[in-house]
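Structure file data30.pdb; described as PDB, C-alpha atoms.
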ATOM      1  CA  MET U   1      -0.987  24.599   1.325
ATOM      2  CA  LYS U   2       1.902  26.941   2.038
ATOM      3  CA  ASP U   3       4.211  23.945   2.462
ATOM      4  CA  ILE U   4       3.212  22.540  -0.920
ATOM      5  CA  ARG U   5       3.709  25.907  -2.605
ATOM      6  CA  ALA U   6       7.147  26.181  -0.989
ATOM      7  CA  VAL U   7       8.118  22.740  -2.277
ATOM      8  CA  ALA U   8       6.874  23.650  -5.753
ATOM      9  CA  LEU U   9       8.930  26.850  -5.662
ATOM     10  CA  HIS U  10      12.054  24.949  -4.603
ATOM     11  CA  LEU U  11      11.571  22.410  -7.391
ATOM     12  CA  THR U  12      11.174  25.223  -9.908
ATOM     13  CA  LEU U  13      14.392  26.868  -8.713
ATOM     14  CA  ILE U  14      16.256  23.531  -8.886
ATOM     15  CA  GLY U  15      14.960  22.988 -12.415
ATOM     16  CA  ILE U  16      16.152  26.443 -13.493
ATOM     17  CA  ILE U  17      19.612  25.865 -11.975
ATOM     18  CA  LEU U  18      19.969  22.460 -13.680
ATOM     19  CA  PHE U  19      18.880  23.956 -16.979
ATOM     20  CA  ILE U  20      21.483  26.729 -16.723
ATOM     21  CA  LEU U  21      24.251  24.259 -15.794
ATOM     22  CA  LEU U  22      23.430  21.967 -18.697
ATOM     23  CA  ILE U  23      23.343  24.920 -21.085
ATOM     24  CA  MET U  24      26.753  26.126 -19.895
ATOM     25  CA  ALA U  25      28.466  22.710 -19.877
ATOM     26  CA  PRO U  26      28.670  22.304 -23.668
ATOM     27  CA  LEU U  27      30.259  25.748 -23.897
ATOM     28  CA  GLY U  28      33.093  24.483 -21.714
ATOM     29  CA  LEU U  29      33.596  21.507 -24.006
ATOM     30  CA  GLU U  30      33.687  23.730 -27.054
ATOM     31  CA  ALA U  31      36.478  25.711 -25.445
ATOM     32  CA  GLN U  32      38.545  22.556 -24.956
ATOM     33  CA  TYR U  33      38.276  21.219 -28.500
ATOM     34  CA  PRO U  34      38.567  22.945 -31.876
ATOM     35  CA  LYS U  35      35.231  23.314 -33.640
ATOM     36  CA  ASP U  36      36.589  22.292 -37.025
ATOM     37  CA  THR U  37      37.878  18.911 -35.812
ATOM     38  CA  LYS U  38      35.984  16.231 -37.708
ATOM     39  CA  SER U  39      36.008  12.461 -37.786
ATOM     40  CA  ASP U  40      34.317   9.867 -39.971
ATOM     41  CA  PHE U  41      34.071   7.442 -37.047
ATOM     42  CA  ASP U  42      30.773   5.595 -36.647
ATOM     43  CA  PRO U  43      30.357   4.656 -32.943
ATOM     44  CA  ALA U  44      27.954   1.839 -33.890
ATOM     45  CA  ILE U  45      30.866  -0.351 -34.984
ATOM     46  CA  MET U  46      32.118  -0.452 -31.379
ATOM     47  CA  LYS U  47      29.046  -2.284 -30.106
ATOM     48  CA  ILE U  48      29.719  -5.851 -28.982
ATOM     49  CA  LYS U  49      27.181  -8.382 -30.236
ATOM     50  CA  GLU U  50      26.700 -10.160 -26.922
ATOM     51  CA  GLU U  51      24.659 -12.983 -28.371
ATOM     52  CA  ASP U  52      27.646 -13.989 -30.523
ATOM     53  CA  TYR U  53      30.010 -14.356 -27.552
ATOM     54  CA  LEU U  54      28.074 -15.266 -24.411
ATOM     55  CA  GLY U  55      28.883 -18.834 -23.412
ATOM     56  CA  LEU U  56      32.110 -18.999 -25.417
ATOM     57  CA  PHE U  57      35.434 -19.749 -23.729
ATOM     58  CA  ILE U  58      38.337 -17.322 -23.701
ATOM     59  CA  PRO U  59      41.790 -18.770 -24.544
ATOM     60  CA  ASP U  60      43.503 -20.015 -21.387
ATOM     61  CA  ASN U  61      47.021 -20.512 -22.750
ATOM     62  CA  LEU U  62      47.804 -16.834 -23.368
ATOM     63  CA  THR U  63      50.493 -15.035 -21.373
ATOM     64  CA  VAL U  64      50.279 -11.502 -19.966
ATOM     65  CA  PHE U  65      52.819  -9.601 -17.875
ATOM     66  CA  ASP U  66      52.154  -7.903 -14.538
ATOM     67  CA  GLU U  67      53.594  -4.602 -13.292
ATOM     68  CA  ASN U  68      56.816  -6.342 -12.274
ATOM     69  CA  GLY U  69      57.217  -7.998 -15.646
ATOM     70  CA  ASN U  70      56.254 -11.446 -14.347
ATOM     71  CA  PRO U  71      54.526 -13.702 -16.893
ATOM     72  CA  LEU U  72      51.026 -14.898 -15.988
ATOM     73  CA  LYS U  73      48.897 -17.435 -17.826
ATOM     74  CA  ILE U  74      45.266 -16.500 -18.320
ATOM     75  CA  SER U  75      44.383 -19.898 -16.866
ATOM     76  CA  SER U  76      45.968 -18.821 -13.562
ATOM     77  CA  PHE U  77      42.970 -16.511 -13.027
ATOM     78  CA  PHE U  78      40.462 -19.337 -13.428
ATOM     79  CA  GLY U  79      38.879 -21.205 -10.523
ATOM     80  CA  LYS U  80      36.795 -18.186  -9.497
ATOM     81  CA  PRO U  81      34.876 -15.481 -11.389
ATOM     82  CA  LEU U  82      37.083 -13.128 -13.393
ATOM     83  CA  ILE U  83      36.405  -9.528 -14.383
ATOM     84  CA  LEU U  84      38.217  -8.461 -17.538
ATOM     85  CA  SER U  85      38.674  -4.810 -18.437
ATOM     86  CA  PHE U  86      40.486  -3.515 -21.502
ATOM     87  CA  ILE U  87      42.033  -0.047 -21.392
ATOM     88  CA  TYR U  88      45.286   1.705 -22.274
ATOM     89  CA  TYR U  89      47.320   3.452 -19.638
ATOM     90  CA  THR U  90      47.857   6.766 -21.458
ATOM     91  CA  CYS U  91      44.178   7.179 -22.349
ATOM     92  CA  PRO U  92      43.057  10.840 -22.074
ATOM     93  CA  ALA U  93      39.353  10.007 -22.011
ATOM     94  CA  SER U  94      37.264   7.162 -20.631
ATOM     95  CA  CYS U  95      39.800   4.529 -19.486
ATOM     96  CA  ARG U  96      40.440   6.207 -16.165
ATOM     97  CA  PRO U  97      36.778   6.718 -15.162
ATOM     98  CA  LEU U  98      36.062   3.188 -16.424
ATOM     99  CA  THR U  99      38.618   1.805 -13.956
ATOM    100  CA  GLU U 100      37.650   4.193 -11.171
ATOM    101  CA  GLY U 101      34.023   3.137 -11.588
ATOM    102  CA  LEU U 102      34.901  -0.535 -11.267
ATOM    103  CA  ALA U 103      37.047   0.118  -8.186
ATOM    104  CA  ALA U 104      34.282   2.158  -6.536
ATOM    105  CA  ALA U 105      31.701  -0.573  -7.197
ATOM    106  CA  LEU U 106      33.955  -3.395  -5.980
ATOM    107  CA  GLU U 107      34.760  -1.458  -2.808
ATOM    108  CA  LYS U 108      31.058  -1.576  -1.912
ATOM    109  CA  VAL U 109      30.376  -5.251  -2.610
ATOM    110  CA  ASN U 110      30.752  -7.647   0.289
ATOM    111  CA  LEU U 111      33.299  -9.808  -1.525
ATOM    112  CA  HIS U 112      37.069 -10.164  -1.286
ATOM    113  CA  LEU U 113      39.176  -9.672  -4.390
ATOM    114  CA  GLY U 114      41.559 -12.577  -4.866
ATOM    115  CA  GLN U 115      39.419 -14.909  -2.775
ATOM    116  CA  ASP U 116      35.910 -14.565  -4.190
ATOM    117  CA  TYR U 117      36.815 -13.243  -7.633
ATOM    118  CA  ASN U 118      39.737 -11.970  -9.736
ATOM    119  CA  VAL U 119      40.232  -8.803 -11.755
ATOM    120  CA  LEU U 120      42.504  -8.540 -14.775
ATOM    121  CA  THR U 121      43.047  -5.207 -16.513
ATOM    122  CA  LEU U 122      44.905  -5.467 -19.807
ATOM    123  CA  SER U 123      46.295  -2.645 -21.905
ATOM    124  CA  PHE U 124      45.475  -3.140 -25.567
ATOM    125  CA  ASP U 125      48.195  -0.644 -26.526
ATOM    126  CA  LYS U 126      51.219  -2.680 -27.605
ATOM    127  CA  ASN U 127      53.454   0.270 -26.671
ATOM    128  CA  ASP U 128      52.358   0.383 -23.036
ATOM    129  CA  THR U 129      54.993  -0.715 -20.511
ATOM    130  CA  LYS U 130      55.014  -2.107 -16.990
ATOM    131  CA  GLU U 131      56.146   1.317 -15.754
ATOM    132  CA  LYS U 132      52.992   2.866 -17.204
ATOM    133  CA  ALA U 133      50.940   0.140 -15.555
ATOM    134  CA  VAL U 134      52.550   0.925 -12.192
ATOM    135  CA  GLN U 135      51.839   4.630 -12.594
ATOM    136  CA  PHE U 136      48.245   3.968 -13.607
ATOM    137  CA  ARG U 137      47.622   1.831 -10.510
ATOM    138  CA  LYS U 138      49.265   4.423  -8.284
ATOM    139  CA  SER U 139      47.146   7.282  -9.616
ATOM    140  CA  LEU U 140      44.031   5.106  -9.296
ATOM    141  CA  ALA U 141      44.751   4.310  -5.630
ATOM    142  CA  GLU U 142      45.302   8.006  -4.928
ATOM    143  CA  LYS U 143      41.875   8.948  -6.257
ATOM    144  CA  VAL U 144      39.515   6.179  -5.110
ATOM    145  CA  THR U 145      39.193   3.770  -2.214
ATOM    146  CA  MET U 146      40.378   0.411  -3.484
ATOM    147  CA  PRO U 147      38.426  -2.790  -2.722
ATOM    148  CA  GLN U 148      39.484  -5.500  -0.272
ATOM    149  CA  GLY U 149      42.401  -7.456  -1.697
ATOM    150  CA  ALA U 150      43.252  -4.737  -4.231
ATOM    151  CA  ASP U 151      46.850  -5.982  -4.354
ATOM    152  CA  LYS U 152      45.477  -8.991  -6.259
ATOM    153  CA  TRP U 153      44.066  -6.741  -8.976
ATOM    154  CA  VAL U 154      46.509  -7.230 -11.844
ATOM    155  CA  PHE U 155      47.327  -4.452 -14.328
ATOM    156  CA  THR U 156      49.009  -6.078 -17.279
ATOM    157  CA  THR U 157      50.618  -5.639 -20.669
ATOM    158  CA  ALA U 158      50.993  -8.221 -23.425
ATOM    159  CA  SER U 159      52.348  -8.922 -26.879
ATOM    160  CA  PRO U 160      50.325  -7.786 -29.913
ATOM    161  CA  ASP U 161      49.379 -11.413 -30.675
ATOM    162  CA  THR U 162      48.069 -11.972 -27.152
ATOM    163  CA  ILE U 163      46.166  -8.689 -27.168
ATOM    164  CA  GLU U 164      44.538  -9.580 -30.469
ATOM    165  CA  ALA U 165      43.644 -13.116 -29.382
ATOM    166  CA  LEU U 166      42.109 -12.116 -26.035
ATOM    167  CA  THR U 167      40.188  -9.066 -27.231
ATOM    168  CA  LYS U 168      38.926 -10.946 -30.282
ATOM    169  CA  SER U 169      37.683 -13.819 -28.110
ATOM    170  CA  VAL U 170      35.274 -11.479 -26.270
ATOM    171  CA  GLY U 171      34.328  -9.306 -29.254
ATOM    172  CA  PHE U 172      36.221  -6.237 -28.008
ATOM    173  CA  ARG U 173      37.242  -4.108 -31.002
ATOM    174  CA  PHE U 174      39.445  -1.035 -30.995
ATOM    175  CA  PHE U 175      41.491   1.029 -33.386
ATOM    176  CA  TYR U 176      43.880   3.951 -33.267
ATOM    177  CA  SER U 177      42.669   7.162 -34.861
ATOM    178  CA  GLU U 178      45.669   8.872 -36.444
ATOM    179  CA  GLN U 179      43.564  11.958 -36.959
ATOM    180  CA  ASP U 180      42.450  12.218 -33.323
ATOM    181  CA  LYS U 181      45.576  10.616 -31.779
ATOM    182  CA  VAL U 182      43.506   8.362 -29.516
ATOM    183  CA  PHE U 183      42.310   4.777 -29.373
ATOM    184  CA  VAL U 184      38.615   4.324 -30.037
ATOM    185  CA  HIS U 185      37.067   1.505 -28.005
ATOM    186  CA  PRO U 186      33.937   0.469 -26.102
ATOM    187  CA  ASN U 187      33.548   1.014 -22.352
ATOM    188  CA  VAL U 188      32.798  -2.442 -21.002
ATOM    189  CA  TYR U 189      33.541  -4.925 -18.216
ATOM    190  CA  VAL U 190      33.554  -8.603 -19.183
ATOM    191  CA  PHE U 191      32.642 -11.255 -16.573
ATOM    192  CA  ILE U 192      34.116 -14.731 -16.955
ATOM    193  CA  THR U 193      33.018 -17.932 -15.212
ATOM    194  CA  PRO U 194      35.508 -19.980 -13.133
ATOM    195  CA  ASP U 195      36.037 -22.328 -16.087
ATOM    196  CA  GLY U 196      36.736 -19.496 -18.539
ATOM    197  CA  LYS U 197      33.337 -18.948 -20.164
ATOM    198  CA  ILE U 198      31.991 -15.485 -21.037
ATOM    199  CA  SER U 199      29.142 -14.852 -18.599
ATOM    200  CA  ARG U 200      28.073 -11.234 -18.960
ATOM    201  CA  TYR U 201      28.978  -7.758 -20.204
ATOM    202  CA  ILE U 202      28.344  -4.557 -18.270
ATOM    203  CA  PHE U 203      28.618  -1.425 -20.399
ATOM    204  CA  GLY U 204      29.268   2.167 -19.409
ATOM    205  CA  LEU U 205      31.198   4.041 -16.763
ATOM    206  CA  TYR U 206      30.679   3.881 -12.981
ATOM    207  CA  PRO U 207      28.505   0.725 -12.801
ATOM    208  CA  LEU U 208      26.145   0.073  -9.900
ATOM    209  CA  ASP U 209      27.714  -2.065  -7.177
ATOM    210  CA  PHE U 210      24.540  -4.195  -7.141
ATOM    211  CA  ASP U 211      24.949  -4.994 -10.844
ATOM    212  CA  VAL U 212      28.632  -5.838 -10.411
ATOM    213  CA  LYS U 213      27.970  -8.102  -7.428
ATOM    214  CA  MET U 214      25.147  -9.922  -9.204
ATOM    215  CA  ALA U 215      27.342 -10.395 -12.283
ATOM    216  CA  ILE U 216      30.101 -11.893 -10.105
ATOM    217  CA  LEU U 217      27.661 -14.245  -8.338
ATOM    218  CA  GLU U 218      26.065 -15.326 -11.613
ATOM    219  CA  ALA U 219      29.477 -15.969 -13.152
ATOM    220  CA  ALA U 220      30.392 -18.046 -10.091
ATOM    221  CA  LYS U 221      27.413 -20.285 -10.849
ATOM    222  CA  GLY U 222      28.373 -20.559 -14.511
ATOM    223  CA  ARG U 223      25.357 -18.602 -15.713
ATOM    224  CA  THR U 224      25.305 -16.393 -18.788
ATOM    225  CA  GLY U 225      22.986 -13.515 -19.580
ATOM    226  CA  LYS U 226      22.622 -10.456 -21.744
ATOM    227  CA  THR U 227      23.035  -7.022 -20.214
ATOM    228  CA  PRO U 228      19.739  -5.550 -18.963
ATOM    229  CA  ILE U 229      18.519  -2.357 -20.631
ATOM    230  CA  ILE U 230      19.119  -0.415 -17.412
ATOM    231  CA  ASN U 231      22.844  -0.995 -17.760
ATOM    232  CA  MET U 232      22.850  -0.037 -21.426
ATOM    233  CA  ALA U 233      21.338   3.307 -20.437
ATOM    234  CA  SER U 234      24.448   4.127 -18.420
ATOM    235  CA  ILE U 235      26.593   4.132 -21.538
ATOM    236  CA  ALA U 236      24.329   6.706 -23.193
ATOM    237  CA  CYS U 237      25.711   9.478 -20.978
ATOM    238  CA  TYR U 238      29.108   8.978 -22.562
ATOM    239  CA  ARG U 239      29.451   8.823 -26.297
ATOM    240  CA  TYR U 240      32.119   9.332 -28.917
ATOM    241  CA  ASP U 241      31.623  12.723 -30.560
ATOM    242  CA  PRO U 242      33.025  12.764 -34.109
ATOM    243  CA  LYS U 243      33.119  16.567 -34.073
ATOM    244  CA  ILE U 244      35.614  16.717 -31.214
ATOM    245  CA  GLY U 245      37.260  13.348 -31.781
ATOM    246  CA  GLY U 246      36.682  12.088 -28.256
ATOM    247  CA  TYR U 247      34.241  10.945 -25.596
ATOM    248  CA  THR U 248      31.897  13.503 -24.135
ATOM    249  CA  LEU U 249      28.632  13.760 -22.246
ATOM    250  CA  ASP U 250      25.497  13.043 -24.255
ATOM    251  CA  PHE U 251      23.621  16.242 -23.403
ATOM    252  CA  PRO U 252      20.369  15.436 -25.257
ATOM    253  CA  PHE U 253      20.095  12.275 -23.151
ATOM    254  CA  ILE U 254      20.804  14.176 -19.930
ATOM    255  CA  PHE U 255      18.301  16.902 -20.849
ATOM    256  CA  GLY U 256      15.714  14.191 -21.411
ATOM    257  CA  MET U 257      16.402  12.508 -18.078
ATOM    258  CA  VAL U 258      16.324  15.819 -16.185
ATOM    259  CA  GLY U 259      13.109  16.751 -17.959
ATOM    260  CA  VAL U 260      11.466  13.461 -17.080
ATOM    261  CA  GLY U 261      12.617  13.647 -13.459
ATOM    262  CA  PHE U 262      11.510  17.255 -13.073
ATOM    263  CA  GLY U 263       8.186  16.445 -14.697
ATOM    264  CA  VAL U 264       7.574  13.551 -12.295
ATOM    265  CA  MET U 265       8.421  15.716  -9.262
ATOM    266  CA  THR U 266       6.204  18.546 -10.455
ATOM    267  CA  GLY U 267       3.352  16.119 -11.139
ATOM    268  CA  PHE U 268       3.691  14.666  -7.669
ATOM    269  CA  VAL U 269       3.514  18.115  -6.058
ATOM    270  CA  VAL U 270       0.460  19.021  -8.156
ATOM    271  CA  PHE U 271      -1.162  15.726  -7.129
ATOM    272  CA  LEU U 272      -0.592  16.439  -3.441
ATOM    273  CA  TYR U 273      -1.868  19.977  -3.818
ATOM    274  CA  SER U 274      -5.041  18.926  -5.660
ATOM    275  CA  ARG U 275      -5.673  16.157  -3.129
ATOM    276  CA  LYS U 276      -5.357  18.542  -0.198
ATOM    277  CA  LEU U 277      -7.556  21.106  -1.965
ATOM    278  CA  LYS U 278     -10.208  18.442  -2.636
ATOM    279  CA  LYS U 279     -10.254  17.423   1.026
ATOM    280  CA  LYS U 280     -10.630  21.055   2.048
ATOM    281  CA  ARG U 281     -13.597  21.518  -0.279
ATOM    282  CA  LEU U 282     -15.268  18.338   0.959
ATOM    283  CA  LYS U 283     -14.765  19.460   4.547
ATOM    284  CA  ALA U 284     -16.256  22.869   3.767
ATOM    285  CA  ALA U 285     -19.185  21.254   1.977
ATOM    286  CA  SER U 286     -19.913  18.960   4.923
ATOM    287  CA  LYS U 287     -19.940  21.933   7.282
ATOM    288  CA  GLU U 288     -22.454  23.769   5.080
ATOM    289  CA  LYS U 289     -24.782  20.735   5.268
TER     290      LYS U 289
END
Serialized structure, C-alpha cells:
Amino acid sequence: MKDIRAVALHLTLIGIILFILLIMAPLGLEAQYPKDTKSDFDPAIMKIKEEDYLGLFIPDNLTVFDENGNPLKISSFFGKPLILSFIYYTCPASCRPLTEGLAAALEKVNLHLGQDYNVLTLSFDKNDTKEKAVQFRKSLAEKVTMPQGADKWVFTTASPDTIEALTKSVGFRFFYSEQDKVFVHPNVYVFITPDGKISRYIFGLYPLDFDVKMAILEAAKGRTGKTPIINMASIACYRYDPKIGGYTLDFPFIFGMVGVGFGVMTGFVVFLYSRKLKKKRLKAASKEK
C-alpha cells in the first residue's frame, strides 16, 4: 500500500510541475511578440484537400537547381519513392523543425536515401539562392544526425513558374504576409510514387519514423491513401497564431493531452490500490471465518 501511495504522490508532483511549466510557457511567448500585433489570416485556408490530389501525377518536365546551381529535371527523381518538402531557407518559424523532423525520422528507418528513396526539398521563395540552400543544409547537419545517403538529399531553388507549377500540382498553397514579414504555409511532407503519382501526405512537425517508413513503402508499391487521424493530431501542437503573426504551440491542445494522460495514470493507480485493498479485505474475511 505504501508503494502505491508513493507512486500516487509522484504522479501528483509530476502533474503539478507540468501544470506550472505550461502556465509559464505562454508568458515567454508573450515576451517575444508584441501583444497588439494582429492578423486577419485564417489558418483553415492552408489545409490541403487530400482527396482532390491523391493519385494525380506531378509534372515531370520541370527544372530545379541544386546547391551548386546544376539543373535537375523532376523526372530524374523518379524510379523510386520521392519525398517532397516545401520550405524557404530564411524561415524564422516552422521550416527548420519541419526539416529536422524529417531528417530525424529518416535516420531511424532501415532504408538508404538515394537507393531506396529520394528526397527533394524546394524553396518556394523566389528570392532564395543556392548559397542560402548550402547554409541551410550545413546548419541542419550540425544539429541533427543525417540519414544514410544524406548527400543525395537535394536542397533546391527554382524559377517562380516552376515553383507555382510544382506546388500547385500537390495542392500546396502559401503567401507572403507583408504585415508579419513571413511566408504562411502548411507543414507537410508529400510522398510520390516511382512513376510520379501523389501517394500520401504527412502533416505536422517531427513525424514518427514508423509513419515515414510506411509511407515510403506504400509509395514504392504505387499505393495512395489519406493521412490517418493520428498524424493529423501532430499538427495540432503547432498552429498559426494571428495575434502574434507566427507559428506557436497550441497550449489548449497540450493542456488537454496532459490532462488526459494524467487522468489515465491516476485512474490506473486508484485501480491498483482498490484491487489490493479488496484482496486484503477478502483475506481478512476468510481468516475470520
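Within the 12 Å cut-off around U:Lys168, using only C-alpha atoms and omitting residues fewer than 6 positions from it on the same chain, the listed residues are Ile48, Asp52, Tyr53, Leu56, Phe57, Ile58, Pro59, Phe86, Phe124, Pro160, Asp161, Thr162 and Phe174 of chain U.
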Which residues match the PyMOL selection byres ((chain U and resi 141) around 12) in the file above, as a PyMOL selection string? chain U and resi 96+99-100+103-104+107+134-140+142-147+150-151+153
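With the shown file loaded, the PyMOL selection byres ((chain U and resi 213) around 10) picks out Ala105, Leu106, Lys108, Val109, Asn110, Leu111, Leu208, Asp209, Phe210, Asp211, Val212, Met214, Ala215, Ile216, Leu217, Glu218 and Ala219 of chain U.
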Could you tell me which residues the PyMOL selection byres ((chain U and resi 81) around 6) returns for this structure, as a ChimeraX atom specification? /U:80,82,117,192-194,219-220
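Each of U:Arg173, U:Lys130, U:Lys49, U:His112 was compared to U:Val154 using all atoms listed in the file, and U:Lys130 turns out to be the nearest.
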I'd like the interatomic distance between atom CA of U:His185 and atom CA of U:Gly79, to a tenth of an Å. 28.7 Å
How would you write as a short mmCIF file (atom, residue, chain, number, x, y, z; two decimals) with C-alpha atoms, in the frame of the given file the residues that get within 6 Å of (27.9, -3.9, -19.6) in the file's frame, counting only C-alpha atoms?
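The resulting file, point-v5.cif, is reproduced below:
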data_model
loop_
_atom_site.label_atom_id
_atom_site.label_comp_id
_atom_site.auth_asym_id
_atom_site.auth_seq_id
_atom_site.Cartn_x
_atom_site.Cartn_y
_atom_site.Cartn_z
CA VAL U 188 32.80 -2.44 -21.00
CA TYR U 189 33.54 -4.92 -18.22
CA TYR U 201 28.98 -7.76 -20.20
CA ILE U 202 28.34 -4.56 -18.27
CA PHE U 203 28.62 -1.42 -20.40
CA THR U 227 23.04 -7.02 -20.21
#
Which residues are close to stretch 164-166 of chain U, i.e. within 12 Å by all atoms listed in the file, leaving aside same-chain residues fewer than 3 positions away? Reply as a VMD selection string. chain U and resid 57 to 64 73 to 74 84 to 86 120 to 126 157 to 161 169 to 175 190 196 198
So which residues are close to (52.1, -0.7, -18.9), meaning at most 8 Å away in the file's coordinates with only C-alpha atoms counted, and can you show them as a ChimeraX atom specification? /U:67,88-89,123,127-134,155-157
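We find atom CA of U:Phe77 and atom CA of U:Phe191 to be spaced 12.1 Å apart.
For the pair atom CA of U:Gln148 and atom CA of U:Val119, the interatomic distance is 12.0 Å.
Ranking U:Ile87, U:Phe78, U:Cys95, U:Thr224 by their shortest atom-to-atom distance to U:Asp116, with only C-alpha atoms included, puts U:Phe78 first.
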